[in-house]
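Novice: Dropping in my_file34.cif, with mmCIF, C-alpha atoms.
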```cif
data_protein
loop_
_atom_site.group_PDB
_atom_site.id
_atom_site.type_symbol
_atom_site.label_atom_id
_atom_site.label_comp_id
_atom_site.auth_asym_id
_atom_site.auth_seq_id
_atom_site.Cartn_x
_atom_site.Cartn_y
_atom_site.Cartn_z
ATOM 1 C CA MET N 566 30.798 -31.223 45.740
ATOM 2 C CA SER N 567 29.040 -28.483 47.521
ATOM 3 C CA VAL N 568 25.573 -27.248 46.970
ATOM 4 C CA ALA N 569 24.616 -23.667 47.727
ATOM 5 C CA LEU N 570 21.041 -22.856 48.444
ATOM 6 C CA THR N 571 20.020 -19.336 47.506
ATOM 7 C CA VAL N 572 16.805 -17.648 48.539
ATOM 8 C CA ALA N 573 15.689 -14.670 46.503
ATOM 9 C CA LEU N 574 13.624 -12.142 48.434
ATOM 10 C CA ALA N 575 10.920 -10.409 46.410
ATOM 11 C CA LEU N 576 10.998 -6.764 47.564
ATOM 12 C CA PRO N 577 8.332 -4.312 46.387
ATOM 13 C CA ALA N 578 9.565 -1.733 43.933
ATOM 14 C CA ALA N 579 9.553 1.868 45.048
ATOM 15 C CA ALA N 580 6.163 3.371 44.523
ATOM 16 C CA GLN N 581 6.015 5.513 41.409
ATOM 17 C CA GLU N 582 5.131 9.079 42.265
ATOM 18 C CA PRO N 583 2.168 10.189 40.184
ATOM 19 C CA PRO N 584 2.830 13.439 38.294
ATOM 20 C CA LEU N 585 1.168 16.504 39.778
ATOM 21 C CA ARG N 586 -1.506 18.165 37.691
ATOM 22 C CA ALA N 587 -1.566 21.967 37.717
ATOM 23 C CA SER N 588 -3.503 24.911 36.316
ATOM 24 C CA LEU N 589 -2.026 28.267 35.320
ATOM 25 C CA THR N 590 -3.452 31.784 35.308
ATOM 26 C CA TRP N 591 -1.077 34.221 33.585
ATOM 27 C CA THR N 592 -1.834 37.965 33.695
ATOM 28 C CA ARG N 593 0.023 40.626 31.697
ATOM 29 C CA LYS N 594 -0.567 43.934 33.439
ATOM 30 C CA PRO N 595 -0.593 47.263 31.562
ATOM 31 C CA GLY N 596 2.809 47.878 30.027
ATOM 32 C CA ALA N 597 3.639 44.162 29.774
ATOM 33 C CA GLU N 598 1.543 43.391 26.697
ATOM 34 C CA SER N 599 4.688 42.500 24.719
ATOM 35 C CA CYS N 600 5.480 39.632 27.093
ATOM 36 C CA ILE N 601 4.857 36.029 26.121
ATOM 37 C CA GLY N 602 1.265 34.838 26.313
ATOM 38 C CA ASP N 603 -0.441 32.094 28.276
ATOM 39 C CA LEU N 604 0.157 29.379 25.671
ATOM 40 C CA GLY N 605 3.849 30.210 25.282
ATOM 41 C CA LEU N 606 4.462 30.131 29.052
ATOM 42 C CA ARG N 607 2.699 26.761 29.461
ATOM 43 C CA THR N 608 4.860 25.371 26.656
ATOM 44 C CA ALA N 609 8.036 26.700 28.309
ATOM 45 C CA VAL N 610 7.195 25.114 31.706
ATOM 46 C CA GLU N 611 6.284 21.735 30.220
ATOM 47 C CA ALA N 612 9.479 21.767 28.136
ATOM 48 C CA ARG N 613 11.535 22.025 31.336
ATOM 49 C CA LEU N 614 9.601 19.179 32.983
ATOM 50 C CA GLU N 615 9.564 17.146 29.745
ATOM 51 C CA ARG N 616 5.923 16.196 30.197
ATOM 52 C CA ALA N 617 2.432 17.698 30.076
ATOM 53 C CA VAL N 618 1.334 19.026 33.469
ATOM 54 C CA PHE N 619 -1.359 21.628 32.834
ATOM 55 C CA VAL N 620 -5.027 20.668 33.008
ATOM 56 C CA PRO N 621 -8.313 22.580 33.450
ATOM 57 C CA VAL N 622 -8.822 24.206 36.863
ATOM 58 C CA ARG N 623 -11.412 21.656 38.025
ATOM 59 C CA LYS N 624 -8.906 18.794 37.535
ATOM 60 C CA ALA N 625 -5.839 20.515 38.999
ATOM 61 C CA GLU N 626 -4.168 19.630 42.317
ATOM 62 C CA MET N 627 -2.125 22.857 42.281
ATOM 63 C CA HIS N 628 -3.017 26.300 40.970
ATOM 64 C CA LEU N 629 -0.356 28.778 39.838
ATOM 65 C CA ASP N 630 -1.382 32.431 39.654
ATOM 66 C CA ALA N 631 1.276 34.625 38.048
ATOM 67 C CA ALA N 632 1.338 38.249 36.919
ATOM 68 C CA VAL N 633 4.014 40.257 35.100
ATOM 69 C CA GLU N 634 4.334 44.041 35.263
ATOM 70 C CA PRO N 635 6.921 46.694 34.401
ATOM 71 C CA VAL N 636 8.900 48.272 37.243
ATOM 72 C CA GLY N 637 11.438 51.044 37.555
ATOM 73 C CA GLN N 638 9.938 53.478 35.049
ATOM 74 C CA GLY N 639 9.719 50.758 32.435
ATOM 75 C CA GLN N 640 13.378 49.714 32.865
ATOM 76 C CA GLY N 641 12.673 46.316 34.412
ATOM 77 C CA TRP N 642 10.119 43.597 35.015
ATOM 78 C CA ARG N 643 8.562 41.788 37.967
ATOM 79 C CA VAL N 644 6.704 38.486 38.058
ATOM 80 C CA LEU N 645 4.843 37.393 41.204
ATOM 81 C CA ILE N 646 3.957 33.691 41.337
ATOM 82 C CA THR N 647 1.497 32.331 43.918
ATOM 83 C CA ALA N 648 1.021 28.568 44.368
ATOM 84 C CA ARG N 649 -2.256 27.307 45.845
ATOM 85 C CA ASP N 650 -3.582 23.851 46.609
ATOM 86 C CA SER N 651 -6.859 22.435 45.327
ATOM 87 C CA GLN N 652 -8.695 24.201 48.176
ATOM 88 C CA ARG N 653 -7.144 27.531 47.141
ATOM 89 C CA ASN N 654 -4.945 27.693 50.265
ATOM 90 C CA VAL N 655 -1.699 29.555 49.615
ATOM 91 C CA LEU N 656 1.301 27.205 49.523
ATOM 92 C CA GLY N 657 3.884 29.886 48.854
ATOM 93 C CA GLU N 658 4.936 32.859 46.745
ATOM 94 C CA ARG N 659 7.925 33.456 44.518
ATOM 95 C CA GLU N 660 9.080 36.698 42.938
ATOM 96 C CA VAL N 661 11.226 36.958 39.793
ATOM 97 C CA VAL N 662 12.689 40.395 39.035
ATOM 98 C CA ALA N 663 14.732 41.608 36.055
ATOM 99 C CA ASP N 664 16.496 44.975 36.199
ATOM 100 C CA GLY N 665 16.369 45.529 32.452
ATOM 101 C CA GLY N 666 16.081 43.954 29.036
ATOM 102 C CA ALA N 667 12.998 42.711 27.261
ATOM 103 C CA CYS N 668 10.097 41.162 29.117
ATOM 104 C CA ASN N 669 10.675 37.753 27.556
ATOM 105 C CA ASP N 670 14.281 37.698 28.817
ATOM 106 C CA LEU N 671 13.111 36.601 32.275
ATOM 107 C CA ILE N 672 10.598 33.984 31.104
ATOM 108 C CA ASP N 673 13.175 31.179 31.269
ATOM 109 C CA SER N 674 13.668 31.922 34.975
ATOM 110 C CA VAL N 675 9.899 32.078 35.488
ATOM 111 C CA ALA N 676 9.444 28.714 33.749
ATOM 112 C CA ILE N 677 12.101 27.088 35.971
ATOM 113 C CA VAL N 678 10.536 28.517 39.168
ATOM 114 C CA MET N 679 7.129 27.215 38.107
ATOM 115 C CA ALA N 680 8.549 23.808 37.189
ATOM 116 C CA LEU N 681 10.211 23.493 40.605
ATOM 117 C CA ALA N 682 6.991 24.546 42.330
ATOM 118 C CA ILE N 683 5.007 21.877 40.488
ATOM 119 C CA ASP N 684 7.547 19.152 41.349
ATOM 120 C CA SER N 685 8.304 20.398 44.877
ATOM 121 C CA SER N 686 6.776 17.296 46.505
ATOM 122 C CA ARG N 687 8.755 14.789 44.429
ATOM 123 C CA ARG N 688 11.905 13.231 45.815
ATOM 124 C CA ARG N 689 13.716 13.476 42.516
ATOM 125 C CA VAL N 690 13.259 16.477 40.267
ATOM 126 C CA ARG N 691 14.572 16.745 36.723
ATOM 127 C CA ILE N 692 14.545 20.201 35.102
ATOM 128 C CA ARG N 693 15.778 20.683 31.552
ATOM 129 C CA VAL N 694 17.617 23.987 30.993
ATOM 130 C CA PRO N 695 17.760 25.039 27.330
ATOM 131 C CA THR N 696 21.049 25.994 25.697
ATOM 132 C CA SER N 697 21.862 29.661 25.310
ATOM 133 C CA GLU N 698 20.699 29.603 21.685
ATOM 134 C CA ARG N 699 17.238 28.482 22.840
ATOM 135 C CA LEU N 700 17.028 30.404 26.094
ATOM 136 C CA GLN N 701 14.073 32.552 25.066
ATOM 137 C CA PRO N 702 10.724 30.736 24.868
ATOM 138 C CA PRO N 703 9.005 30.638 21.491
ATOM 139 C CA VAL N 704 6.519 33.441 20.903
ATOM 140 C CA PRO N 705 4.958 32.782 17.468
ATOM 141 C CA GLY N 706 1.898 31.328 19.144
ATOM 142 C CA ASP N 707 1.365 34.426 21.288
ATOM 143 C CA PRO N 708 -2.366 35.144 20.901
ATOM 144 C CA TRP N 709 -3.961 38.436 20.051
ATOM 145 C CA ARG N 710 -5.560 40.314 22.900
ATOM 146 C CA ALA N 711 -8.879 42.092 22.663
ATOM 147 C CA GLU N 712 -10.726 44.715 24.667
ATOM 148 C CA PHE N 713 -14.429 45.391 24.303
ATOM 149 C CA GLY N 714 -17.266 46.952 26.218
ATOM 150 C CA PRO N 715 -20.241 49.309 26.239
ATOM 151 C CA GLU N 716 -20.043 53.082 26.329
ATOM 152 C CA LEU N 717 -22.243 56.148 26.576
ATOM 153 C CA ALA N 718 -21.189 59.240 24.613
ATOM 154 C CA LEU N 719 -22.196 62.904 24.574
ATOM 155 C CA LEU N 720 -21.829 64.613 21.190
ATOM 156 C CA TRP N 721 -21.686 68.256 20.184
ATOM 157 C CA GLY N 722 -21.647 69.491 16.614
ATOM 158 C CA THR N 723 -22.563 66.214 14.910
ATOM 159 C CA VAL N 724 -26.257 66.469 15.855
ATOM 160 C CA PRO N 725 -28.330 69.477 16.952
ATOM 161 C CA GLY N 726 -27.680 70.397 20.570
ATOM 162 C CA ALA N 727 -26.083 67.752 22.769
ATOM 163 C CA GLY N 728 -26.616 64.287 21.345
ATOM 164 C CA ILE N 729 -26.670 61.131 23.479
ATOM 165 C CA ALA N 730 -25.241 58.012 21.852
ATOM 166 C CA PRO N 731 -24.917 54.572 23.488
ATOM 167 C CA GLY N 732 -22.594 52.198 21.719
ATOM 168 C CA LEU N 733 -19.880 49.555 21.734
ATOM 169 C CA ARG N 734 -16.116 49.923 21.445
ATOM 170 C CA ALA N 735 -13.543 47.188 20.828
ATOM 171 C CA THR N 736 -9.750 47.163 20.550
ATOM 172 C CA LEU N 737 -7.775 44.458 18.768
ATOM 173 C CA ASP N 738 -4.210 44.245 20.105
ATOM 174 C CA PRO N 739 -1.949 42.107 17.871
ATOM 175 C CA PRO N 740 1.463 41.059 19.269
ATOM 176 C CA ARG N 741 3.535 43.036 16.753
ATOM 177 C CA PHE N 742 1.343 45.861 15.444
ATOM 178 C CA LEU N 743 -0.505 48.948 16.594
ATOM 179 C CA PRO N 744 -3.773 48.339 18.444
ATOM 180 C CA ILE N 745 -6.805 48.847 16.198
ATOM 181 C CA GLU N 746 -9.989 50.293 17.659
ATOM 182 C CA LEU N 747 -13.479 49.687 16.273
ATOM 183 C CA ALA N 748 -16.529 51.592 17.486
ATOM 184 C CA TRP N 749 -20.226 51.846 16.754
ATOM 185 C CA THR N 750 -22.679 54.271 18.349
ATOM 186 C CA GLY N 751 -26.316 55.024 17.679
ATOM 187 C CA TYR N 752 -27.845 58.449 18.263
ATOM 188 C CA LEU N 753 -30.883 58.544 20.499
ATOM 189 C CA PRO N 754 -33.753 60.408 18.790
ATOM 190 C CA THR N 755 -33.545 64.166 19.297
ATOM 191 C CA ARG N 756 -35.933 66.941 18.236
ATOM 192 C CA GLN N 757 -34.975 70.414 17.048
ATOM 193 C CA ARG N 758 -37.578 73.170 16.759
ATOM 194 C CA GLU N 759 -37.573 76.710 15.485
ATOM 195 C CA GLY N 760 -40.984 78.136 16.305
ATOM 196 C CA ASP N 761 -43.665 75.877 14.904
ATOM 197 C CA VAL N 762 -41.370 73.876 12.613
ATOM 198 C CA GLY N 763 -38.430 71.589 13.173
ATOM 199 C CA ALA N 764 -37.140 68.082 12.656
ATOM 200 C CA ASP N 765 -36.618 64.781 14.454
ATOM 201 C CA TYR N 766 -33.094 63.389 14.058
ATOM 202 C CA VAL N 767 -31.795 59.836 14.407
ATOM 203 C CA GLY N 768 -28.625 58.157 13.150
ATOM 204 C CA TRP N 769 -25.482 56.168 13.840
ATOM 205 C CA GLN N 770 -21.739 56.272 13.298
ATOM 206 C CA ALA N 771 -18.928 53.715 13.013
ATOM 207 C CA ALA N 772 -15.179 54.283 13.361
ATOM 208 C CA VAL N 773 -11.858 52.538 12.655
ATOM 209 C CA LEU N 774 -8.836 53.987 14.493
ATOM 210 C CA ALA N 775 -5.160 53.156 15.040
ATOM 211 C CA CYS N 776 -4.372 53.617 18.745
ATOM 212 C CA PRO N 777 -0.679 53.565 19.770
ATOM 213 C CA ARG N 778 -0.139 53.701 23.537
ATOM 214 C CA ILE N 779 1.496 56.850 24.854
ATOM 215 C CA ALA N 780 1.611 55.721 28.501
ATOM 216 C CA ALA N 781 1.396 52.225 29.949
ATOM 217 C CA GLY N 782 2.394 51.344 33.471
ATOM 218 C CA GLY N 783 1.044 51.187 36.965
ATOM 219 C CA THR N 784 -2.721 51.549 36.982
ATOM 220 C CA VAL N 785 -3.242 53.998 34.083
ATOM 221 C CA THR N 786 -3.025 53.237 30.376
ATOM 222 C CA ALA N 787 -3.343 56.029 27.799
ATOM 223 C CA SER N 788 -3.548 55.812 24.023
ATOM 224 C CA LEU N 789 -3.728 58.426 21.277
ATOM 225 C CA CYS N 790 -5.873 57.401 18.301
ATOM 226 C CA ALA N 791 -6.330 58.634 14.750
ATOM 227 C CA GLY N 792 -8.524 57.362 11.957
ATOM 228 C CA GLY N 793 -11.787 57.716 10.136
ATOM 229 C CA GLN N 794 -15.471 57.561 10.916
ATOM 230 C CA PHE N 795 -18.560 57.190 8.771
ATOM 231 C CA GLY N 796 -22.075 58.075 9.857
ATOM 232 C CA LEU N 797 -25.646 58.556 8.799
ATOM 233 C CA LEU N 798 -27.974 61.267 10.088
ATOM 234 C CA ARG N 799 -31.658 61.232 9.115
ATOM 235 C CA ALA N 800 -34.061 64.116 9.732
ATOM 236 C CA THR N 801 -37.864 63.996 9.465
ATOM 237 C CA GLY N 802 -39.656 67.319 9.235
ATOM 238 C CA VAL N 803 -42.063 68.408 11.990
ATOM 239 C CA GLY N 804 -44.757 71.048 11.566
ATOM 240 C CA LEU N 805 -44.238 71.357 7.794
ATOM 241 C CA ASP N 806 -47.003 71.437 5.195
ATOM 242 C CA ALA N 807 -45.329 68.540 3.367
ATOM 243 C CA PRO N 808 -43.211 66.596 5.864
ATOM 244 C CA ARG N 809 -40.223 64.949 4.254
ATOM 245 C CA THR N 810 -37.256 62.844 5.350
ATOM 246 C CA ALA N 811 -33.712 63.842 4.406
ATOM 247 C CA THR N 812 -30.588 61.719 4.963
ATOM 248 C CA SER N 813 -26.996 62.890 5.231
ATOM 249 C CA ARG N 814 -24.080 60.466 4.874
ATOM 250 C CA ILE N 815 -21.046 62.024 6.497
ATOM 251 C CA GLY N 816 -17.412 61.019 6.896
ATOM 252 C CA TRP N 817 -15.156 62.396 9.612
ATOM 253 C CA VAL N 818 -11.449 62.504 10.316
ATOM 254 C CA VAL N 819 -11.104 61.609 13.997
ATOM 255 C CA GLY N 820 -8.509 62.241 16.703
ATOM 256 C CA ARG N 821 -9.071 60.560 20.057
ATOM 257 C CA VAL N 822 -7.593 60.059 23.536
ATOM 258 C CA ASN N 823 -8.345 56.938 25.627
ATOM 259 C CA LEU N 824 -7.684 56.473 29.366
ATOM 260 C CA THR N 825 -8.241 53.247 31.310
ATOM 261 C CA TRP N 826 -7.707 52.628 35.034
ATOM 262 C CA GLY N 827 -6.834 49.537 36.993
ATOM 263 C CA THR N 828 -5.198 46.181 36.385
ATOM 264 C CA TRP N 829 -8.416 44.161 36.522
ATOM 265 C CA ARG N 830 -9.923 42.257 33.629
ATOM 266 C CA VAL N 831 -12.868 44.721 33.695
ATOM 267 C CA ARG N 832 -11.739 48.357 33.835
ATOM 268 C CA PRO N 833 -13.399 51.780 33.586
ATOM 269 C CA ARG N 834 -12.538 53.845 30.517
ATOM 270 C CA LEU N 835 -12.853 57.503 29.511
ATOM 271 C CA GLY N 836 -12.498 58.934 26.028
ATOM 272 C CA ALA N 837 -12.547 62.294 24.262
ATOM 273 C CA GLU N 838 -12.368 63.012 20.565
ATOM 274 C CA ALA N 839 -12.475 65.699 17.910
ATOM 275 C CA LEU N 840 -14.288 65.070 14.598
ATOM 276 C CA VAL N 841 -13.677 67.034 11.392
ATOM 277 C CA PRO N 842 -16.418 66.380 8.792
ATOM 278 C CA VAL N 843 -15.302 65.737 5.224
ATOM 279 C CA VAL N 844 -18.621 67.173 3.932
ATOM 280 C CA ARG N 845 -20.962 69.458 5.905
ATOM 281 C CA ASP N 846 -24.448 68.780 4.554
ATOM 282 C CA ARG N 847 -27.206 71.213 5.546
ATOM 283 C CA PHE N 848 -30.745 70.392 6.688
ATOM 284 C CA VAL N 849 -33.087 73.130 5.441
ATOM 285 C CA TYR N 850 -36.797 73.780 5.069
ATOM 286 C CA GLU N 851 -38.603 76.087 2.649
ATOM 287 C CA ASP N 852 -41.114 78.689 3.770
ATOM 288 C CA GLY N 853 -42.690 81.070 1.282
ATOM 289 C CA GLY N 854 -39.985 80.365 -1.282
ATOM 290 C CA ALA N 855 -37.169 81.134 1.153
ATOM 291 C CA LYS N 856 -34.884 78.402 2.503
ATOM 292 C CA HIS N 857 -34.068 78.303 6.192
ATOM 293 C CA GLU N 858 -31.261 76.247 7.672
ATOM 294 C CA LEU N 859 -32.175 73.957 10.557
ATOM 295 C CA PHE N 860 -28.826 72.283 11.166
ATOM 296 C CA ARG N 861 -25.340 71.942 9.729
ATOM 297 C CA PRO N 862 -22.495 69.997 11.401
ATOM 298 C CA TRP N 863 -19.851 72.105 13.120
ATOM 299 C CA PRO N 864 -16.469 72.514 11.398
ATOM 300 C CA VAL N 865 -15.060 70.491 14.310
ATOM 301 C CA GLY N 866 -17.361 68.313 16.405
ATOM 302 C CA VAL N 867 -16.422 67.059 19.860
ATOM 303 C CA ALA N 868 -17.429 64.029 21.896
ATOM 304 C CA ALA N 869 -16.787 62.573 25.342
ATOM 305 C CA ASP N 870 -17.645 59.080 26.488
ATOM 306 C CA VAL N 871 -17.465 56.802 29.508
ATOM 307 C CA GLY N 872 -17.499 53.030 29.378
ATOM 308 C CA LEU N 873 -16.145 49.692 30.556
ATOM 309 C CA SER N 874 -13.348 47.640 29.014
ATOM 310 C CA VAL N 875 -13.239 43.859 29.298
ATOM 311 C CA TRP N 876 -9.852 42.357 28.345
ATOM 312 C CA VAL N 877 -9.494 38.868 26.880
ATOM 313 C CA PRO N 878 -7.682 36.574 27.278
#
```
Re-express the file's structure as structure tokens.

Specialist:
Amino acid sequence: MSVALTVALALPAAAQEPPLRASLTWTRKPGAESCIGDLGLRTAVEARLERAVFVPVRKAEMHLDAAVEPVGQGQGWRVLITARDSQRNVLGEREVVADGGACNDLIDSVAIVMALAIDSSRRRVRIRVPTSERLQPPVPGDPWRAEFGPELALLWGTVPGAGIAPGLRATLDPPRFLPIELAWTGYLPTRQREGDVGADYVGWQAAVLACPRIAAGGTVTASLCAGGQFGLLRATGVGLDAPRTATSRIGWVVGRVNLTWGTWRVRPRLGAEALVPVVRDRFVYEDGGAKHELFRPWPVGVAADVGLSVWVP
């Protein structure tokens, strides 16, 4: 009979690598608005890693800055990805280029590059590649984009002389529809005189326009808008025996051109428009039984404005 003595050595298990936490900044430059949004890209990356990795910037150990833009006269796409550590030092850059197709056709490649960057320090990396039927990331959750900002307009033909009108302009950009522009401007008080009599004018106008883009790429974006505008113009008599206030409610048919410069979140914008009044009310005063016209809107008014556009998200 033999007895075997066995000693079992307790060896420490391999240390489990903690998952890296990352943040993502995703920018769609002019011309790439149809590309998947921030939420869709995060979902695509986490699907390849099969876990949640994205956290707020203050909690992240790695920051991914990525931007997509059209190249080759709109025939292709380019995505530049920059990885930074928690101190914002650059760890590396990757570039993904597609020679054609839709913008979302290259998102699977972008998601894989980002997934590899996040797991670059791990000894064992597992990346899930979707089947061909599911190659394109889901886009139903793609958020609307919006542009808004202040403006200062000069008007001719809608008020006496050259009117000055500060205001606000906003554009709603849904994923699968024409951009819709909303605007409101208020006329600064202006006085018109003819000899000893005249009137003080004040008013406002609001517009709703459809604004399809006619050029989008590089640093310039142009859109051509059409729609309607409603306004109110109030005149108070000056130098009259019986001063009175008269109000005109006017609708216009509007055609407009927008130009924005730059690829920044805050961009300068210029606009020009033509306004055709539906009704041309007259402001008149009576002197000795005779009526004299003070002001009547032009058959076609014109306006030019300068402003700033802030894009979100």

Novice: Go ahead and compute the interatomic distance for atom CA of Leu606 of chain N and atom CA of Leu681 of chain N, in Å to one decimal.

Specialist: 14.5 Å

Novice: I want to know what sits within 9 Å of segment 716-718 of chain N, based on all atoms listed in the file, with residues of the same chain fewer than 6 positions away left out; could you give that as an NGL selection string?

Specialist: :N and (728-734 or 750 or 834 or 836 or 868-873)

Novice: Save the residues we just selected, C-alpha atoms, as a PDB file, in the frame of the given file?

Specialist:
```pdb
ATOM      1  CA  GLY N 728     -26.616  64.287  21.345  1.00  0.00           C
ATOM      2  CA  ILE N 729     -26.670  61.131  23.479  1.00  0.00           C
ATOM      3  CA  ALA N 730     -25.241  58.012  21.852  1.00  0.00           C
ATOM      4  CA  PRO N 731     -24.917  54.572  23.488  1.00  0.00           C
ATOM      5  CA  GLY N 732     -22.594  52.198  21.719  1.00  0.00           C
ATOM      6  CA  LEU N 733     -19.880  49.555  21.734  1.00  0.00           C
ATOM      7  CA  ARG N 734     -16.116  49.923  21.445  1.00  0.00           C
ATOM      8  CA  THR N 750     -22.679  54.271  18.349  1.00  0.00           C
ATOM      9  CA  ARG N 834     -12.538  53.845  30.517  1.00  0.00           C
ATOM     10  CA  GLY N 836     -12.498  58.934  26.028  1.00  0.00           C
ATOM     11  CA  ALA N 868     -17.429  64.029  21.896  1.00  0.00           C
ATOM     12  CA  ALA N 869     -16.787  62.573  25.342  1.00  0.00           C
ATOM     13  CA  ASP N 870     -17.645  59.080  26.488  1.00  0.00           C
ATOM     14  CA  VAL N 871     -17.465  56.802  29.508  1.00  0.00           C
ATOM     15  CA  GLY N 872     -17.499  53.030  29.378  1.00  0.00           C
ATOM     16  CA  LEU N 873     -16.145  49.692  30.556  1.00  0.00           C
TER      17      LEU N 873
END
```

Novice: Could you expand the PyMOL selection byres ((chain N and resi 590-592) around 7) into the explicit residues it covers here, written as a PyMOL selection string?

Specialist: chain N and resi 588-589+593-594+603+629-633

Novice: Carefully work through the PyMOL selection byres ((chain N and resi 608) around 10) for this structure and note down the residues it includes, as a list in words.

Specialist: Asp603, Leu604, Gly605, Leu606, Arg607, Ala609, Val610, Glu611, Ala612, Arg613, Glu615, Arg616, Ala617, Val618, Phe619, Ala676, Pro702 and Pro703 of chain N

Novice: Quick one: pull the distance between atom CA of Leu656 of chain N and atom CA of His628 of chain N, Å, one decimal.

Specialist: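 These two atoms are separated by 9.6 Å.
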
Novice: Hey, can you check how far atom CA of Trp817 of chain N sits from atom CA of Ala787 of chain N?

Specialist: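 Distance reported for this atom pair: 22.6 Å.
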
Novice: Could you state which residues are captured by the PyMOL selection byres ((chain N and resi 825) around 12) in this file, as a VMD selection string?

Specialist: chain N and resid 595 712 778 780 to 788 822 to 824 826 to 836 871 to 876

Novice: Pick out the residues sitting within 10 Å of Cys790 of chain N, and hand them over as a list of chain:residue names; count all atoms listed in the file, and ignore anything fewer than 3 positions along from it in its own chain.

Specialist: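 The neighbour list is N:Pro744, N:Ile745, N:Glu746, N:Val773, N:Leu774, N:Ala775, N:Cys776, N:Pro777, N:Arg778, N:Ile779, N:Ala787, N:Val819, N:Gly820, N:Arg821, N:Val822, N:Asn823, N:Glu838.
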
Novice: Please provide the set of residues having any atom within 9 Å of Glu658 of chain N, restricted to only C-alpha atoms, with same-chain residues fewer than 6 positions apart removed, written as a list in words.

Specialist: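 Everything that qualifies: Leu645, Ile646, Thr647 and Ala648 of chain N.
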
Novice: Can I get segment 604-619 of chain N with N, CA and C atoms filled in, as a short mmCIF file (atom, residue, chain, number, x, y, z; two decimals), in the frame of the given file?

Specialist:
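What follows is the written file rebuild18.cif:
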```cif
data_model
loop_
_atom_site.label_atom_id
_atom_site.label_comp_id
_atom_site.auth_asym_id
_atom_site.auth_seq_id
_atom_site.Cartn_x
_atom_site.Cartn_y
_atom_site.Cartn_z
N LEU N 604 -0.22 30.61 26.35
CA LEU N 604 0.16 29.38 25.67
C LEU N 604 1.67 29.21 25.63
N GLY N 605 2.40 30.29 25.34
CA GLY N 605 3.85 30.21 25.28
C GLY N 605 4.47 29.86 26.62
N LEU N 606 3.92 30.43 27.73
CA LEU N 606 4.46 30.13 29.05
C LEU N 606 4.20 28.68 29.44
N ARG N 607 3.00 28.17 29.17
CA ARG N 607 2.70 26.76 29.46
C ARG N 607 3.68 25.84 28.73
N THR N 608 3.93 26.18 27.45
CA THR N 608 4.86 25.37 26.66
C THR N 608 6.26 25.39 27.26
N ALA N 609 6.70 26.57 27.73
CA ALA N 609 8.04 26.70 28.31
C ALA N 609 8.17 25.87 29.59
N VAL N 610 7.14 25.89 30.45
CA VAL N 610 7.20 25.11 31.71
C VAL N 610 7.22 23.62 31.40
N GLU N 611 6.35 23.17 30.52
CA GLU N 611 6.28 21.74 30.22
C GLU N 611 7.54 21.25 29.51
N ALA N 612 8.22 22.15 28.77
CA ALA N 612 9.48 21.77 28.14
C ALA N 612 10.55 21.50 29.18
N ARG N 613 10.55 22.26 30.27
CA ARG N 613 11.54 22.02 31.34
C ARG N 613 11.25 20.73 32.11
N LEU N 614 9.97 20.40 32.26
CA LEU N 614 9.60 19.18 32.98
C LEU N 614 9.56 17.95 32.06
N GLU N 615 9.59 18.21 30.76
CA GLU N 615 9.56 17.15 29.74
C GLU N 615 8.31 16.27 29.85
N ARG N 616 7.21 16.90 30.18
CA ARG N 616 5.92 16.20 30.20
C ARG N 616 4.80 17.24 30.28
N ALA N 617 3.60 16.82 29.96
CA ALA N 617 2.43 17.70 30.08
C ALA N 617 1.96 17.72 31.53
N VAL N 618 1.75 18.90 32.07
CA VAL N 618 1.33 19.03 33.47
C VAL N 618 0.07 19.86 33.63
N PHE N 619 -0.26 20.68 32.65
CA PHE N 619 -1.36 21.63 32.83
C PHE N 619 -2.69 21.02 32.39
#
```
